[in-house]
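Participant: Contents of data.cif (mmCIF, C-alpha atoms) are below:
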data_start
loop_
_atom_site.label_atom_id
_atom_site.label_comp_id
_atom_site.auth_asym_id
_atom_site.auth_seq_id
_atom_site.Cartn_x
_atom_site.Cartn_y
_atom_site.Cartn_z
CA MET A 1 53.59 21.25 -32.25
CA ALA A 2 55.14 22.61 -29.05
CA PRO A 3 53.25 25.19 -26.99
CA GLN A 4 54.27 28.79 -27.48
CA PRO A 5 56.39 30.36 -24.69
CA ARG A 6 53.58 32.90 -24.10
CA VAL A 7 51.18 30.05 -23.36
CA LEU A 8 53.58 28.47 -20.89
CA SER A 9 54.18 31.82 -19.17
CA ARG A 10 50.59 31.70 -17.92
CA TYR A 11 51.45 28.76 -15.70
CA GLU A 12 53.58 28.31 -12.61
CA ARG A 13 56.12 25.50 -12.55
CA THR A 14 57.18 22.97 -9.96
CA GLU A 15 60.77 22.83 -8.74
CA ASP A 16 61.48 20.07 -11.27
CA GLY A 17 60.09 22.18 -14.15
CA ARG A 18 56.66 20.63 -14.66
CA VAL A 19 53.79 22.96 -15.48
CA ILE A 20 51.18 23.43 -12.73
CA ILE A 21 47.51 23.39 -13.72
CA ASP A 22 45.82 25.21 -10.83
CA VAL A 23 42.31 24.44 -9.60
CA ALA A 24 40.73 26.39 -6.74
CA ALA A 25 37.51 25.55 -4.89
CA ALA A 26 36.03 26.33 -1.50
CA ARG A 27 35.15 22.69 -0.74
CA VAL A 28 35.85 19.23 -2.09
CA GLU A 29 32.20 18.81 -3.07
CA GLU A 30 32.53 21.64 -5.62
CA LEU A 31 34.81 19.41 -7.70
CA TYR A 32 31.95 17.01 -8.44
CA ASN A 33 28.61 17.10 -10.24
CA ASN A 34 25.63 17.61 -7.97
CA PHE A 35 23.35 15.02 -9.59
CA ASP A 36 25.07 11.97 -8.07
CA LYS A 37 25.60 13.08 -4.46
CA GLY A 38 24.81 9.60 -3.15
CA ALA A 39 27.64 7.94 -5.10
CA PRO A 40 31.08 7.59 -3.56
CA PHE A 41 33.57 10.24 -4.70
CA ILE A 42 35.55 7.77 -6.81
CA ARG A 43 32.50 6.94 -8.93
CA ARG A 44 31.12 10.46 -9.19
CA ASP A 45 31.44 12.52 -12.32
CA LEU A 46 33.70 15.51 -11.94
CA ASP A 47 32.10 18.92 -12.41
CA GLN A 48 31.83 19.56 -16.17
CA ASP A 49 33.35 23.04 -15.93
CA LEU A 50 36.34 21.52 -14.11
CA VAL A 51 36.66 18.76 -16.73
CA ASP A 52 36.51 21.28 -19.59
CA TYR A 53 39.12 23.47 -17.88
CA LEU A 54 41.52 20.56 -17.30
CA ILE A 55 41.10 19.27 -20.86
CA GLY A 56 41.64 22.76 -22.27
CA CYS A 57 44.82 23.23 -20.22
CA ALA A 58 46.19 19.78 -21.15
CA ARG A 59 45.57 20.49 -24.85
CA GLU A 60 47.18 23.89 -24.55
CA LEU A 61 50.29 22.36 -22.98
CA HIS A 62 50.62 19.70 -25.71
CA ARG A 63 53.41 17.41 -24.52
CA SER A 64 54.76 19.54 -21.67
CA PRO A 65 54.72 17.55 -18.41
CA PHE A 66 52.25 18.87 -15.85
CA VAL A 67 50.76 18.36 -12.40
CA LEU A 68 47.27 19.18 -11.15
CA ARG A 69 47.32 21.42 -8.07
CA PHE A 70 44.14 21.80 -6.05
CA THR A 71 43.75 24.74 -3.67
CA LEU A 72 40.78 24.09 -1.41
CA GLY A 73 39.31 26.48 1.18
CA GLU A 74 38.77 23.54 3.51
CA PRO A 75 42.07 21.64 3.30
CA PRO A 76 41.30 17.93 2.82
CA ASP A 77 42.80 15.34 5.11
CA GLY A 78 44.94 12.49 3.75
CA GLU A 79 41.93 10.26 3.07
CA LYS A 80 40.08 12.95 1.08
CA GLN A 81 43.25 13.75 -0.87
CA SER A 82 43.57 10.09 -1.77
CA ARG A 83 39.90 9.94 -2.85
CA ILE A 84 40.32 13.03 -5.03
CA ARG A 85 43.40 11.54 -6.67
CA ARG A 86 41.62 8.24 -7.32
CA SER A 87 38.46 9.93 -8.60
CA VAL A 88 40.41 12.18 -11.02
CA ASN A 89 42.29 9.13 -12.27
CA ALA A 90 39.15 6.99 -12.56
CA TYR A 91 37.09 9.69 -14.29
CA PHE A 92 39.65 10.46 -17.00
CA LEU A 93 40.31 6.75 -17.57
CA TYR A 94 36.55 6.38 -17.98
CA LEU A 95 36.51 9.22 -20.55
CA ALA A 96 39.41 7.54 -22.40
CA ASP A 97 37.45 4.26 -22.49
CA VAL A 98 34.35 6.05 -23.80
CA GLU A 99 36.43 7.74 -26.49
CA ARG A 100 38.00 4.40 -27.48
CA GLU A 101 34.48 3.00 -27.83
CA HIS A 102 33.67 5.90 -30.19
CA VAL A 103 36.75 4.98 -32.21
CA GLY A 104 35.56 1.37 -32.37
CA GLN A 105 32.12 2.51 -33.57
CA MET A 106 33.76 4.75 -36.18
CA PHE A 107 35.85 1.86 -37.52
CA ARG A 108 32.78 -0.43 -37.59
CA ARG A 109 30.83 2.21 -39.53
CA ALA A 110 33.74 2.73 -41.93
CA THR A 111 34.06 -1.04 -42.46
CA ILE A 112 30.34 -1.38 -43.18
CA LEU A 113 30.46 1.52 -45.64
CA PHE A 114 33.52 0.00 -47.31
CA CYS A 115 31.85 -3.41 -47.68
CA ILE A 116 28.66 -1.83 -49.03
CA GLY A 117 30.72 0.23 -51.47
CA LEU A 118 32.59 -2.85 -52.70
CA ALA A 119 29.37 -4.82 -53.08
CA ILE A 120 27.74 -2.01 -55.06
CA LEU A 121 30.90 -1.65 -57.17
CA PHE A 122 30.81 -5.36 -58.08
CA VAL A 123 27.10 -5.08 -58.92
CA SER A 124 27.88 -2.00 -61.02
CA ILE A 125 30.60 -3.83 -62.96
CA TYR A 126 28.26 -6.80 -63.52
CA VAL A 127 25.41 -4.53 -64.68
CA ASN A 128 27.72 -2.58 -67.02
CA ARG A 129 28.94 -5.84 -68.61
CA ALA A 130 25.44 -7.32 -68.80
CA LEU A 131 24.00 -4.24 -70.51
CA GLY A 132 26.85 -4.09 -73.01
CA GLU A 133 27.31 -1.23 -75.45
CA ALA A 134 23.73 -1.04 -76.72
CA ARG A 135 21.87 0.12 -73.64
CA SER A 136 18.91 2.38 -73.12
CA VAL A 137 19.00 5.74 -71.36
CA VAL A 138 17.37 4.18 -68.30
CA GLY A 139 19.93 1.35 -68.27
CA ASN A 140 22.76 3.82 -68.66
CA VAL A 141 21.46 6.00 -65.80
CA PHE A 142 21.03 2.90 -63.60
CA ALA A 143 24.54 1.58 -64.34
CA GLU A 144 26.18 4.98 -63.80
CA GLY A 145 24.11 5.54 -60.64
CA LEU A 146 25.43 2.27 -59.21
CA THR A 147 29.00 3.31 -59.99
CA VAL A 148 28.54 6.69 -58.33
CA ALA A 149 26.87 5.11 -55.27
CA ALA A 150 29.77 2.66 -54.94
CA TRP A 151 32.40 5.38 -55.05
CA VAL A 152 30.45 7.61 -52.63
CA SER A 153 30.27 4.75 -50.12
CA LEU A 154 33.95 3.91 -50.54
CA TRP A 155 34.94 7.57 -50.21
CA GLU A 156 32.76 8.03 -47.12
CA SER A 157 34.49 5.02 -45.54
CA LEU A 158 37.94 6.39 -46.29
CA ALA A 159 37.05 9.94 -45.24
CA THR A 160 35.57 8.70 -41.96
CA VAL A 161 38.84 7.04 -41.01
CA LEU A 162 41.13 9.78 -42.32
CA ILE A 163 39.20 12.71 -40.86
CA GLU A 164 37.67 11.37 -37.64
CA TRP A 165 40.37 9.04 -36.33
CA ALA A 166 43.05 11.62 -35.46
CA PRO A 167 40.82 13.84 -33.24
CA HIS A 168 39.59 10.78 -31.32
CA ARG A 169 43.17 9.64 -30.84
CA ARG A 170 44.19 13.07 -29.55
CA LYS A 171 41.31 13.04 -27.05
CA VAL A 172 42.33 9.62 -25.74
CA ARG A 173 45.90 10.85 -25.32
CA VAL A 174 44.76 13.95 -23.39
CA PHE A 175 42.44 11.91 -21.14
CA ARG A 176 45.21 9.41 -20.38
CA ARG A 177 47.66 12.22 -19.57
CA LEU A 178 45.14 13.77 -17.17
CA ALA A 179 44.40 10.37 -15.59
CA CYS A 180 48.13 9.80 -14.97
CA ALA A 181 48.93 13.35 -13.83
CA GLU A 182 50.24 13.83 -10.32
CA VAL A 183 47.68 15.56 -8.09
CA ILE A 184 49.05 17.86 -5.39
CA PHE A 185 47.29 20.07 -2.86
CA ARG A 186 47.96 23.56 -1.56
CA ARG A 187 46.47 25.45 1.34
CA PRO A 188 44.77 28.76 0.43
CA THR A 189 47.49 30.69 2.28
CA GLY A 190 50.08 29.41 -0.20
CA GLY A 191 51.61 26.52 1.74
CA ALA A 192 51.91 23.34 -0.29
CA ALA A 193 50.54 20.06 0.91
CA ALA A 194 51.38 16.67 -0.48
#
What would you get if you wrote out this structure as structure tokens?
Facilitator:
Amino acid sequence: MAPQPRVLSRYERTEDGRVIIDVAAARVEELYNNFDKGAPFIRRDLDQDLVDYLIGCARELHRSPFVLRFTLGEPPDGEKQSRIRRSVNAYFLYLADVEREHVGQMFRRATILFCIGLAILFVSIYVNRALGEARSVVGNVFAEGLTVAAWVSLWESLATVLIEWAPHRRKVRVFRRLACAEVIFRRPTGGAAA
């Protein structure tokens, strides 16, 4: 689904037509979480409000190409610009890796549920055959309960994959797009800096 023209009208564009996601801060330090001040910038977590904003913008833009433009009150020198670029890239690649791990856990859980469901289904078939036609109420309830448990487990496995996989995949795609986005800088007075 392509973004609506009204959504795109909220954003400026570069000369080559890419959408600009603007971020403004007084200092470089405001881009990062405060709890890990001792860590180098590249390993620090980005500020969660900034991360949420960037993810929201990237989702809103769908497949439209974009750049990240930082306007900082204290213009960073070339070394700080490079560190910001690397830290944005590293942080969103990290989030993509974490999300891929969630996908792996989801598939493992779905596989376990599927195997349990199959095992219970085979036990159910065996019990139904062993009890035959002349079975007691308790035997009937037990046999039917096994059948229901098998199908619930199999359905849960299928539903887990069908329902949960697509959102995880979309998150990975958004994180990778943000990690690969070009990062540019602008002075507060409006002059652009590479």
Participant: Find the residues around Asn89 of chain A up to 9 Å (all atoms listed in the file counted), leave out those fewer than 6 positions away in its own chain, and share them as number ranges by chain.
Facilitator: A: 42, 176, 178-181
Participant: What does the structure give for the distance between atom CA of Leu95 of chain A and atom CA of Ala58 of chain A, in Å to one decimal?
Facilitator: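 Atom CA of Leu95 of chain A sits 14.3 Å away from atom CA of Ala58 of chain A.
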Participant: Residues picked by the PyMOL selection byres ((chain A and resi 57) around 10) here, as a list of chain:residue names?
Facilitator: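 For this structure, the PyMOL selection byres ((chain A and resi 57) around 10) resolves to A:Val7, A:Tyr11, A:Ile20, A:Ile21, A:Asp22, A:Val51, A:Asp52, A:Tyr53, A:Leu54, A:Ile55, A:Gly56, A:Ala58, A:Arg59, A:Glu60, A:Leu61, A:His62, A:Phe66, A:Val174, A:Leu178.
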Participant: Looking at only C-alpha atoms, which of A:Ser136, A:Thr71, A:Asn128, A:Gln105 is the one that sits closest to Thr160 of chain A?
Facilitator: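 For Thr160 of chain A, the nearest of the candidates is A:Gln105.
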Participant: Give as a list in words the residues that the PyMOL selection byres ((chain A and resi 108-121) around 9) matches when applied to the coordinates above.
Facilitator: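 Against this file, the PyMOL selection byres ((chain A and resi 108-121) around 9) returns the residues Val103, Gly104, Gln105, Met106, Phe107, Phe122, Val123, Ser124, Ile125, Tyr126, Leu146, Thr147, Val148, Ala149, Ala150, Trp151, Val152, Ser153, Leu154, Trp155, Glu156, Ser157, Leu158, Ala159, Thr160 and Val161 of chain A.
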Participant: Rounded to one decimal place, report the atom CA of Arg18 of chain A-atom CA of Phe175 of chain A distance in Å.
Facilitator: 17.9 Å
Participant: Please work out which residues fall within 9 Å of (42.9, 28.2, -0.1), coordinates as given in the file, with all atoms listed in the file counting, and return them as a PyMOL selection string.
Facilitator: chain A and resi 24-26+70-75+186-190
Participant: Measuring between only C-alpha atoms, which one of A:Asn140, A:Asp45, A:Glu99, A:Gly78 shows the shortest distance to Glu164 of chain A?
Facilitator: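 For Glu164 of chain A, the nearest of the given residues is A:Glu99.
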Participant: Separation of atom CA of Tyr91 of chain A and atom CA of Ser64 of chain A, in Å?
Facilitator: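 Answer for the atom CA of Tyr91 of chain A to atom CA of Ser64 of chain A separation: 21.5 Å.
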Participant: To test the calculation: enclose all listed atoms of segment 51-56 of chain A in a box whose edges run along x, y and z, add 8 Å on each side, then state centre and edge lengths in Å to one decimal, as JSON.
Facilitator:
{"center_x": 39.1, "center_y": 21.1, "center_z": -19.5, "size_x": 21.1, "size_y": 20.7, "size_z": 21.5}
Participant: Pick out the closest residue to Leu50 of chain A from this set: A:His102, A:Gly17, A:Arg69, A:Glu30. Count only C-alpha atoms.
Facilitator: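 With only C-alpha atoms as the atom set, the closest residue is A:Glu30.
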Participant: Write out as a PyMOL selection string the residues lying within 7 Å of Val183 of chain A, counting only C-alpha atoms and excluding same-chain residues fewer than 3 positions away.
Facilitator: chain A and resi 67-69+85
Participant: Ranking A:Ala90, A:Val98, A:Leu31, A:Val141 by minimum distance to Arg169 of chain A and counting all atoms listed in the file, which one comes first?
Facilitator: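 With all atoms listed in the file as the atom set, the closest residue is A:Val98.
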